[in-house]
$ cat my_file-v8.txt   # compact mmCIF, C-alpha atoms and all ligand atoms
# COMPACT_ATOMS: atom_id res chain seq x y z
CA MET A 1 -177.31 -23.15 99.61
CA GLU A 2 -179.04 -23.90 102.89
CA ALA A 3 -178.05 -26.83 105.07
CA LYS A 4 -180.14 -28.16 107.94
CA GLY A 5 -178.14 -28.84 111.05
CA GLY A 6 -178.64 -31.82 113.31
CA ALA A 7 -180.00 -29.72 116.18
CA GLY A 8 -182.52 -27.74 114.09
CA TRP A 9 -180.37 -24.69 113.25
CA GLN A 10 -179.68 -23.68 109.69
CA VAL A 11 -176.52 -22.66 107.90
CA HIS A 12 -176.99 -19.98 105.27
CA LEU A 13 -174.18 -20.43 102.78
CA PRO A 14 -173.92 -17.87 99.99
CA PRO A 15 -171.75 -18.70 96.97
CA VAL A 16 -168.02 -18.17 97.50
CA SER A 17 -166.81 -14.98 95.81
CA PRO A 18 -163.64 -15.26 93.69
CA GLY A 19 -160.75 -13.81 95.66
CA HIS A 20 -160.55 -10.76 97.90
CA PRO A 21 -162.15 -7.48 96.79
CA ASP A 22 -159.95 -5.22 94.72
CA PRO A 23 -159.32 -2.07 96.80
CA GLU A 24 -159.63 -0.04 93.60
CA GLY A 25 -163.02 -1.52 92.87
CA LYS A 26 -162.13 -3.15 89.54
CA LYS A 27 -163.45 -6.43 88.22
CA PRO A 28 -161.53 -9.59 89.24
CA GLY A 29 -158.63 -10.24 86.87
CA THR A 30 -158.22 -6.57 85.83
CA SER A 31 -156.53 -5.35 89.01
CA ARG A 32 -153.18 -3.53 88.86
CA VAL A 33 -152.61 -4.71 92.46
CA PRO A 34 -150.60 -7.96 92.33
CA PRO A 35 -153.33 -10.53 92.99
CA THR A 36 -151.56 -12.20 95.90
CA SER A 37 -150.08 -9.14 97.68
CA LEU A 38 -152.67 -8.55 100.37
CA PRO A 39 -153.36 -12.22 101.14
CA GLU A 40 -149.60 -12.88 101.27
CA GLU A 41 -149.01 -9.93 103.58
CA PHE A 42 -151.95 -11.05 105.70
CA HIS A 43 -150.68 -14.63 105.83
CA ARG A 44 -147.21 -13.40 106.82
CA MET A 45 -148.62 -11.08 109.48
CA MET A 46 -150.84 -13.79 110.96
CA GLY A 47 -147.71 -15.91 111.33
CA ASN A 48 -146.80 -13.49 114.13
CA TRP A 49 -149.93 -14.55 115.98
CA ALA A 50 -149.08 -17.51 118.21
CA THR A 51 -151.92 -19.96 118.84
CA GLY A 52 -152.54 -23.25 120.51
CA VAL A 53 -153.44 -26.21 118.33
CA THR A 54 -156.63 -28.25 118.59
CA VAL A 55 -158.09 -31.32 117.00
CA VAL A 56 -161.78 -30.75 116.27
CA THR A 57 -163.40 -34.17 116.28
CA SER A 58 -166.83 -35.23 115.12
CA ARG A 59 -168.85 -38.35 114.38
CA GLY A 60 -170.27 -38.90 110.92
CA PRO A 61 -171.46 -41.69 108.65
CA HIS A 62 -167.90 -43.06 108.45
CA GLY A 63 -167.53 -43.06 112.24
CA PRO A 64 -165.20 -40.86 114.28
CA HIS A 65 -163.37 -38.06 112.49
CA GLY A 66 -160.88 -35.31 113.32
CA MET A 67 -159.16 -32.26 111.83
CA THR A 68 -156.46 -29.89 113.04
CA ALA A 69 -157.76 -26.39 113.81
CA ASN A 70 -156.26 -23.30 115.36
CA ALA A 71 -159.08 -20.91 114.38
CA PHE A 72 -160.69 -21.58 117.75
CA LEU A 73 -161.65 -19.20 120.53
CA SER A 74 -163.66 -18.97 123.69
CA VAL A 75 -166.55 -16.51 123.20
CA SER A 76 -168.31 -16.34 126.58
CA LEU A 77 -168.10 -18.04 129.96
CA ALA A 78 -171.78 -17.96 131.01
CA PRO A 79 -173.10 -19.56 128.95
CA PRO A 80 -169.88 -21.27 127.88
CA LEU A 81 -169.56 -20.66 124.14
CA VAL A 82 -166.77 -21.36 121.67
CA LEU A 83 -166.25 -20.54 118.00
CA VAL A 84 -164.44 -22.59 115.37
CA SER A 85 -163.85 -21.58 111.76
CA ILE A 86 -163.99 -24.54 109.38
CA GLY A 87 -163.34 -24.60 105.64
CA ARG A 88 -166.43 -25.48 103.68
CA ASP A 89 -164.52 -28.10 101.63
CA ASN A 90 -163.40 -30.00 104.70
CA ASP A 91 -165.01 -33.36 105.47
CA SER A 92 -165.46 -32.07 109.03
CA HIS A 93 -167.66 -29.27 107.72
CA ALA A 94 -170.22 -31.69 106.28
CA ILE A 95 -170.11 -33.90 109.35
CA ILE A 96 -170.57 -31.03 111.84
CA THR A 97 -173.29 -29.42 109.70
CA ALA A 98 -175.23 -32.70 109.70
CA SER A 99 -174.65 -33.73 113.33
CA GLY A 100 -174.56 -30.37 115.11
CA ARG A 101 -171.93 -31.78 117.44
CA PHE A 102 -168.16 -31.64 117.74
CA ALA A 103 -165.44 -31.95 120.37
CA VAL A 104 -162.23 -30.01 120.78
CA SER A 105 -159.02 -31.59 122.12
CA LEU A 106 -156.31 -29.09 123.08
CA LEU A 107 -152.98 -30.57 122.02
CA ALA A 108 -150.02 -30.81 124.39
CA GLU A 109 -146.42 -29.94 123.62
CA GLY A 110 -144.98 -33.00 121.84
CA GLN A 111 -148.20 -33.81 119.96
CA GLU A 112 -147.20 -32.11 116.70
CA ALA A 113 -147.33 -35.45 114.85
CA LEU A 114 -151.05 -35.55 115.67
CA SER A 115 -151.49 -32.03 114.34
CA VAL A 116 -149.74 -33.02 111.09
CA HIS A 117 -151.83 -36.19 110.86
CA PHE A 118 -155.15 -34.39 111.28
CA ALA A 119 -154.19 -31.67 108.79
CA GLN A 120 -154.22 -34.30 106.00
CA ARG A 121 -157.06 -34.71 103.56
CA PHE A 122 -158.02 -38.39 103.71
CA LYS A 123 -159.24 -40.06 100.51
CA ASP A 124 -161.18 -42.37 102.78
CA PRO A 125 -162.48 -40.33 105.74
CA ALA A 126 -162.78 -43.56 107.74
CA GLN A 127 -158.94 -43.57 107.85
CA ALA A 128 -158.71 -40.29 109.80
CA MET A 129 -158.78 -42.03 113.18
CA ALA A 130 -156.90 -45.19 112.15
CA GLY A 131 -154.05 -45.83 114.59
CA ILE A 132 -154.98 -42.82 116.75
CA ALA A 133 -155.40 -43.29 120.51
CA TRP A 134 -158.66 -41.70 121.61
CA SER A 135 -161.40 -42.18 124.17
CA PRO A 136 -165.12 -41.66 123.68
CA GLY A 137 -166.63 -38.54 125.23
CA PRO A 138 -170.34 -37.58 125.30
CA ASP A 139 -172.27 -38.72 122.17
CA GLY A 140 -169.23 -40.90 121.36
CA LEU A 141 -167.24 -37.82 120.28
CA PRO A 142 -163.52 -38.67 120.22
CA PHE A 143 -161.29 -37.13 122.88
CA ILE A 144 -157.66 -37.41 121.70
CA ASP A 145 -155.53 -39.24 124.30
CA GLY A 146 -152.69 -37.21 125.81
CA ALA A 147 -154.29 -33.82 125.04
CA ILE A 148 -154.35 -31.23 127.82
CA GLY A 149 -158.14 -30.84 127.81
CA HIS A 150 -161.33 -31.61 125.94
CA LEU A 151 -164.63 -29.85 125.28
CA ALA A 152 -167.80 -31.43 123.91
CA CYS A 153 -169.88 -28.87 122.03
CA ALA A 154 -173.35 -28.46 120.49
CA VAL A 155 -173.64 -26.04 117.58
CA SER A 156 -175.99 -23.14 118.33
CA ASP A 157 -175.38 -21.00 115.24
CA ALA A 158 -173.38 -21.03 112.03
CA PHE A 159 -172.21 -17.99 110.09
CA ALA A 160 -171.03 -18.17 106.50
CA ALA A 161 -167.67 -16.43 106.03
CA GLN A 162 -166.51 -16.75 102.40
CA ASP A 163 -165.07 -20.27 102.05
CA HIS A 164 -165.36 -20.98 105.79
CA THR A 165 -168.21 -21.36 108.25
CA LEU A 166 -167.96 -20.01 111.79
CA PHE A 167 -169.61 -22.53 114.08
CA LEU A 168 -170.70 -21.00 117.38
CA ALA A 169 -171.28 -23.77 119.90
CA ARG A 170 -172.38 -24.31 123.49
CA VAL A 171 -169.89 -26.25 125.59
CA THR A 172 -171.83 -29.17 127.08
CA HIS A 173 -168.99 -31.03 128.77
CA VAL A 174 -165.45 -30.25 129.89
CA ALA A 175 -162.84 -32.93 130.60
CA ALA A 176 -159.38 -32.31 132.02
CA GLY A 177 -156.42 -33.94 130.31
CA ALA A 178 -152.69 -34.29 130.72
CA ASN A 179 -150.96 -31.77 132.99
CA LEU A 180 -148.56 -30.59 130.28
CA PRO A 181 -147.78 -27.32 128.50
CA PRO A 182 -149.62 -26.66 125.23
CA LEU A 183 -148.44 -27.21 121.69
CA VAL A 184 -147.89 -23.76 120.15
CA TYR A 185 -148.10 -22.83 116.45
CA PHE A 186 -146.02 -19.77 115.44
CA HIS A 187 -144.53 -18.68 112.10
CA SER A 188 -146.02 -21.82 110.50
CA THR A 189 -144.01 -24.10 112.80
CA TYR A 190 -144.63 -25.99 116.00
CA THR A 191 -143.04 -24.77 119.18
CA GLY A 192 -143.78 -24.60 122.90
CA LEU A 193 -143.91 -22.10 125.73
CA ARG A 194 -140.49 -20.82 126.79
C1 LIG B 201 -151.80 -25.72 112.51
C2 LIG B 201 -153.00 -25.89 111.60
C3 LIG B 201 -154.18 -25.25 111.89
C4 LIG B 201 -155.29 -25.39 111.07
N1 LIG B 201 -156.44 -24.73 111.41
C5 LIG B 201 -157.54 -24.86 110.63
C6 LIG B 201 -158.75 -24.20 111.00
O1 LIG B 201 -158.85 -23.53 112.03
N2 LIG B 201 -159.82 -24.35 110.18
C7 LIG B 201 -159.76 -25.10 109.02
O2 LIG B 201 -160.77 -25.19 108.31
N3 LIG B 201 -158.62 -25.76 108.67
C8 LIG B 201 -157.53 -25.66 109.45
N4 LIG B 201 -156.38 -26.34 109.11
C9 LIG B 201 -156.39 -27.20 107.92
C10 LIG B 201 -157.15 -28.53 108.16
O3 LIG B 201 -156.61 -29.23 109.27
C11 LIG B 201 -157.07 -29.42 106.92
O4 LIG B 201 -157.69 -28.75 105.83
C12 LIG B 201 -157.70 -30.81 107.08
O5 LIG B 201 -157.32 -31.62 105.99
C13 LIG B 201 -159.22 -30.81 107.15
O6 LIG B 201 -159.61 -32.15 107.39
P1 LIG B 201 -161.02 -32.80 106.95
O7 LIG B 201 -161.25 -32.48 105.50
O8 LIG B 201 -160.82 -34.27 107.19
O9 LIG B 201 -162.09 -32.22 107.83
C14 LIG B 201 -155.24 -26.20 109.92
C15 LIG B 201 -154.04 -26.88 109.62
C16 LIG B 201 -152.93 -26.71 110.45
C17 LIG B 201 -151.65 -27.44 110.12
$ encode --input "my_file-v8.txt" --output "structure tokens" --more "lines below"
Ligand SMILES: Cc1cc2nc3c(=O)[nH]c(=O)nc-3n(C[C@H](O)[C@H](O)[C@H](O)COP(=O)(O)O)c2cc1C
Amino acid sequence: MEAKGGAGWQVHLPPVSPGHPDPEGKKPGTSRVPPTSLPEEFHRMMGNWATGVTVVTSRGPHGPHGMTANAFLSVSLAPPLVLVSIGRDNDSHAIITASGRFAVSLLAEGQEALSVHFAQRFKDPAQAMAGIAWSPGPDGLPFIDGAIGHLACAVSDAFAAQDHTLFLARVTHVAAGANLPPLVYFHSTYTGLR
């Protein structure tokens, strides 16, 4: 599948392969390795990796949208580049692929309810921003009120990674936010800096 991005770049999306490769090279379903062992170990190990929490916002046919994401990193300073990893089934994936634009709001300690809210799958995507306090950034991208900072981004490349796409994006605008410590995600729970 090939999707044309809003800014002229293309996403090359191969079909998703079923499960992780069997280390013994057998066909899926015939492995003697318990099918969930490595992913479970991996999931448990990654719980040791503390991250901040962001809301990646976008603007699609239904209006403003947002999703919780912690697979976010800064790639280079000059030019300023960031990377986000977004599941291909997410509504945000289709919106960002079509628009080529997204914003990132870095959540503050105390904003875990927002993280929980934006981790939901909305039957009606137009409901994602209902009741949420936000302010329009460049291109009308939502900046979540009370966050500790915001980035507006333009996708420059997209890399297929199994059931996710890695969106590499140029930071086009930076806005300071609340002077608060960050929300921290660790061992699948919300915490703060101590
Ligand atoms: C703490 C946390 C971090 C998350 N990080 C990501 C992420 O980096 N990428 C991703 O695709 N989903 C991530 N999710 C799951 C999405 O937020 C969730 O699938 C959401 O429903 C997607 O929304 P959408 O379909 O409206 O775009 C995360 C969830 C939580 C609770």
$ closest_residue --input "my_file-v8.txt" --among "A:Asp91, A:Asp145, A:Glu41, A:Asp157" --to "Gln120 of chain A" --atoms "all atoms listed in the file"
A:Asp91
$ residues_around --input "my_file-v8.txt" --residues "segment 167-169 of chain A" --least-positions-apart "6" --cutoff "9 Å" --atoms "all atoms listed in the file" --output "NGL selection string"
:A and (75 or 80-86 or 96-97 or 100-102 or 153-160)
$ write_last_selection --input "my_file-v8.txt" --atoms "C-alpha atoms" --output "PDB file, keeping the file's coordinate frame"
ATOM      1  CA  VAL A  75    -166.550 -16.510 123.200  1.00  0.00           C
ATOM      2  CA  PRO A  80    -169.880 -21.270 127.880  1.00  0.00           C
ATOM      3  CA  LEU A  81    -169.560 -20.660 124.140  1.00  0.00           C
ATOM      4  CA  VAL A  82    -166.770 -21.360 121.670  1.00  0.00           C
ATOM      5  CA  LEU A  83    -166.250 -20.540 118.000  1.00  0.00           C
ATOM      6  CA  VAL A  84    -164.440 -22.590 115.370  1.00  0.00           C
ATOM      7  CA  SER A  85    -163.850 -21.580 111.760  1.00  0.00           C
ATOM      8  CA  ILE A  86    -163.990 -24.540 109.380  1.00  0.00           C
ATOM      9  CA  ILE A  96    -170.570 -31.030 111.840  1.00  0.00           C
ATOM     10  CA  THR A  97    -173.290 -29.420 109.700  1.00  0.00           C
ATOM     11  CA  GLY A 100    -174.560 -30.370 115.110  1.00  0.00           C
ATOM     12  CA  ARG A 101    -171.930 -31.780 117.440  1.00  0.00           C
ATOM     13  CA  PHE A 102    -168.160 -31.640 117.740  1.00  0.00           C
ATOM     14  CA  CYS A 153    -169.880 -28.870 122.030  1.00  0.00           C
ATOM     15  CA  ALA A 154    -173.350 -28.460 120.490  1.00  0.00           C
ATOM     16  CA  VAL A 155    -173.640 -26.040 117.580  1.00  0.00           C
ATOM     17  CA  SER A 156    -175.990 -23.140 118.330  1.00  0.00           C
ATOM     18  CA  ASP A 157    -175.380 -21.000 115.240  1.00  0.00           C
ATOM     19  CA  ALA A 158    -173.380 -21.030 112.030  1.00  0.00           C
ATOM     20  CA  PHE A 159    -172.210 -17.990 110.090  1.00  0.00           C
ATOM     21  CA  ALA A 160    -171.030 -18.170 106.500  1.00  0.00           C
TER      22      ALA A 160
END
$ closest_atom_pairs --input "my_file-v8.txt" --of "chain A" --to "ligand LIG 201 (chain B)" --cutoff "6 Å" --atoms "all atoms listed in the file" --output "CSV"
residue,atom,partner,partner_atom,distance
A:Met67,CA,B:LIG201,O6,4.5
A:Thr68,CA,B:LIG201,O3,3.8
A:Ala69,CA,B:LIG201,N1,3.2
A:Asn70,CA,B:LIG201,N1,4.2
A:Ala71,CA,B:LIG201,O1,3.5
A:Ser85,CA,B:LIG201,N2,5.1
A:Ile86,CA,B:LIG201,O2,3.5
A:Gly87,CA,B:LIG201,O2,3.8
A:Asn90,CA,B:LIG201,O7,3.4
A:Asp91,CA,B:LIG201,O7,3.9
A:Ser92,CA,B:LIG201,O9,3.6
A:Val116,CA,B:LIG201,C17,6.0
A:Phe118,CA,B:LIG201,O3,5.7
A:Ala119,CA,B:LIG201,O3,3.5
A:Gln120,CA,B:LIG201,O5,4.1
A:Arg121,CA,B:LIG201,O5,3.9
$ atom_distance --input "my_file-v8.txt" --atom1 "atom CA of Met46 of chain A" --atom2 "atom CA of Arg88 of chain A"
20.8 Å
$ atom_distance --input "my_file-v8.txt" --atom1 "atom CA of Ala133 of chain A" --atom2 "atom CA of Ala98 of chain A"
24.9 Å
$ atom_distance --input "my_file-v8.txt" --atom1 "atom CA of His173 of chain A" --atom2 "atom CA of Ser58 of chain A"
14.4 Å
$ closest_residue --input "my_file-v8.txt" --among "A:Pro79, A:Gly149, A:Pro142, A:Gly66" --to "Leu106 of chain A" --atoms "only C-alpha atoms"
A:Gly149
$ residues_around --input "my_file-v8.txt" --residues "Ile144 of chain A" --least-positions-apart "5" --cutoff "7 Å" --atoms "all atoms listed in the file" --output "ChimeraX atom specification"
/A:105,133-135
$ closest_residue --input "my_file-v8.txt" --among "A:Ala108, A:Leu38, A:Val171, A:Val55" --to "Tyr190 of chain A" --atoms "all atoms listed in the file"
A:Ala108
$ residues_around --input "my_file-v8.txt" --residues "Val174 of chain A" --least-positions-apart "3" --cutoff "10 Å" --atoms "only C-alpha atoms" --output "MDAnalysis selection string"
chainID A and resid 103:104 137:138 149:153 171 177
$ closest_residue --input "my_file-v8.txt" --among "A:Gly131, A:Leu183, A:Ala176, A:Lys123" --to "Val53 of chain A" --atoms "only C-alpha atoms"
A:Leu183
$ residues_near_point --input "my_file-v8.txt" --point "(-163.1, -41.2, 111.0)" --cutoff "7 Å" --atoms "all atoms listed in the file" --output "VMD selection string"
chain A and resid 62 to 66 125 to 129
$ closest_residue --input "my_file-v8.txt" --among "A:Leu114, A:Gly52, A:Arg170, A:Leu193" --to "Ser76 of chain A" --atoms "all atoms listed in the file"
A:Arg170
$ residues_around --input "my_file-v8.txt" --residues "His187 of chain A" --least-positions-apart "6" --cutoff "8 Å" --atoms "only C-alpha atoms" --output "number ranges by chain"
A: 44, 47-50
$ build_atoms --input "my_file-v8.txt" --residues "segment 35-58 of chain A" --atoms "N, CA and C atoms" --output "mmCIF file, in the frame of the given file"
data_model
loop_
_atom_site.group_PDB
_atom_site.id
_atom_site.type_symbol
_atom_site.label_atom_id
_atom_site.label_comp_id
_atom_site.auth_asym_id
_atom_site.auth_seq_id
_atom_site.Cartn_x
_atom_site.Cartn_y
_atom_site.Cartn_z
ATOM 1 N N PRO A 35 -152.174 -9.847 92.423
ATOM 2 C CA PRO A 35 -153.330 -10.530 92.990
ATOM 3 C C PRO A 35 -153.070 -11.173 94.340
ATOM 4 N N THR A 36 -151.804 -11.495 94.646
ATOM 5 C CA THR A 36 -151.560 -12.200 95.900
ATOM 6 C C THR A 36 -151.000 -11.282 96.986
ATOM 7 N N SER A 37 -150.819 -9.979 96.738
ATOM 8 C CA SER A 37 -150.080 -9.140 97.680
ATOM 9 C C SER A 37 -150.745 -9.061 99.052
ATOM 10 N N LEU A 38 -152.024 -8.712 99.066
ATOM 11 C CA LEU A 38 -152.670 -8.550 100.370
ATOM 12 C C LEU A 38 -152.812 -9.886 101.099
ATOM 13 N N PRO A 39 -153.303 -10.937 100.438
ATOM 14 C CA PRO A 39 -153.360 -12.220 101.140
ATOM 15 C C PRO A 39 -152.001 -12.692 101.636
ATOM 16 N N GLU A 40 -150.941 -12.445 100.827
ATOM 17 C CA GLU A 40 -149.600 -12.880 101.270
ATOM 18 C C GLU A 40 -149.138 -12.095 102.482
ATOM 19 N N GLU A 41 -149.362 -10.776 102.436
ATOM 20 C CA GLU A 41 -149.010 -9.930 103.580
ATOM 21 C C GLU A 41 -149.789 -10.374 104.817
ATOM 22 N N PHE A 42 -151.074 -10.633 104.598
ATOM 23 C CA PHE A 42 -151.950 -11.050 105.700
ATOM 24 C C PHE A 42 -151.469 -12.374 106.284
ATOM 25 N N HIS A 43 -151.148 -13.319 105.388
ATOM 26 C CA HIS A 43 -150.680 -14.630 105.830
ATOM 27 C C HIS A 43 -149.394 -14.483 106.650
ATOM 28 N N ARG A 44 -148.477 -13.612 106.127
ATOM 29 C CA ARG A 44 -147.210 -13.400 106.820
ATOM 30 C C ARG A 44 -147.455 -12.767 108.196
ATOM 31 N N MET A 45 -148.342 -11.759 108.216
ATOM 32 C CA MET A 45 -148.620 -11.080 109.480
ATOM 33 C C MET A 45 -149.249 -12.027 110.494
ATOM 34 N N MET A 46 -150.178 -12.872 110.034
ATOM 35 C CA MET A 46 -150.840 -13.790 110.960
ATOM 36 C C MET A 46 -149.882 -14.840 111.502
ATOM 37 N N GLY A 47 -148.742 -15.023 110.799
ATOM 38 C CA GLY A 47 -147.710 -15.910 111.330
ATOM 39 C C GLY A 47 -147.130 -15.397 112.631
ATOM 40 N N ASN A 48 -147.281 -14.081 112.875
ATOM 41 C CA ASN A 48 -146.800 -13.490 114.130
ATOM 42 C C ASN A 48 -147.742 -13.770 115.290
ATOM 43 N N TRP A 49 -148.918 -14.308 114.948
ATOM 44 C CA TRP A 49 -149.930 -14.550 115.980
ATOM 45 C C TRP A 49 -149.793 -15.990 116.463
ATOM 46 N N ALA A 50 -149.273 -16.160 117.674
ATOM 47 C CA ALA A 50 -149.080 -17.510 118.210
ATOM 48 C C ALA A 50 -150.425 -18.069 118.685
ATOM 49 N N THR A 51 -150.676 -19.319 118.382
ATOM 50 C CA THR A 51 -151.920 -19.960 118.840
ATOM 51 C C THR A 51 -151.603 -21.312 119.464
ATOM 52 N N GLY A 52 -152.567 -21.842 120.171
ATOM 53 C CA GLY A 52 -152.540 -23.250 120.510
ATOM 54 C C GLY A 52 -152.979 -24.046 119.288
ATOM 55 N N VAL A 53 -153.000 -25.345 119.421
ATOM 56 C CA VAL A 53 -153.440 -26.210 118.330
ATOM 57 C C VAL A 53 -154.482 -27.176 118.891
ATOM 58 N N THR A 54 -155.586 -27.321 118.157
ATOM 59 C CA THR A 54 -156.630 -28.250 118.590
ATOM 60 C C THR A 54 -156.866 -29.307 117.526
ATOM 61 N N VAL A 55 -157.471 -30.405 117.948
ATOM 62 C CA VAL A 55 -158.090 -31.320 117.000
ATOM 63 C C VAL A 55 -159.591 -31.235 117.240
ATOM 64 N N VAL A 56 -160.313 -30.806 116.203
ATOM 65 C CA VAL A 56 -161.780 -30.750 116.270
ATOM 66 C C VAL A 56 -162.279 -32.107 115.773
ATOM 67 N N THR A 57 -162.931 -32.839 116.655
ATOM 68 C CA THR A 57 -163.400 -34.170 116.280
ATOM 69 C C THR A 57 -164.920 -34.168 116.124
ATOM 70 N N SER A 58 -165.395 -35.140 115.390
ATOM 71 C CA SER A 58 -166.830 -35.230 115.120
ATOM 72 C C SER A 58 -167.165 -36.692 114.836
#
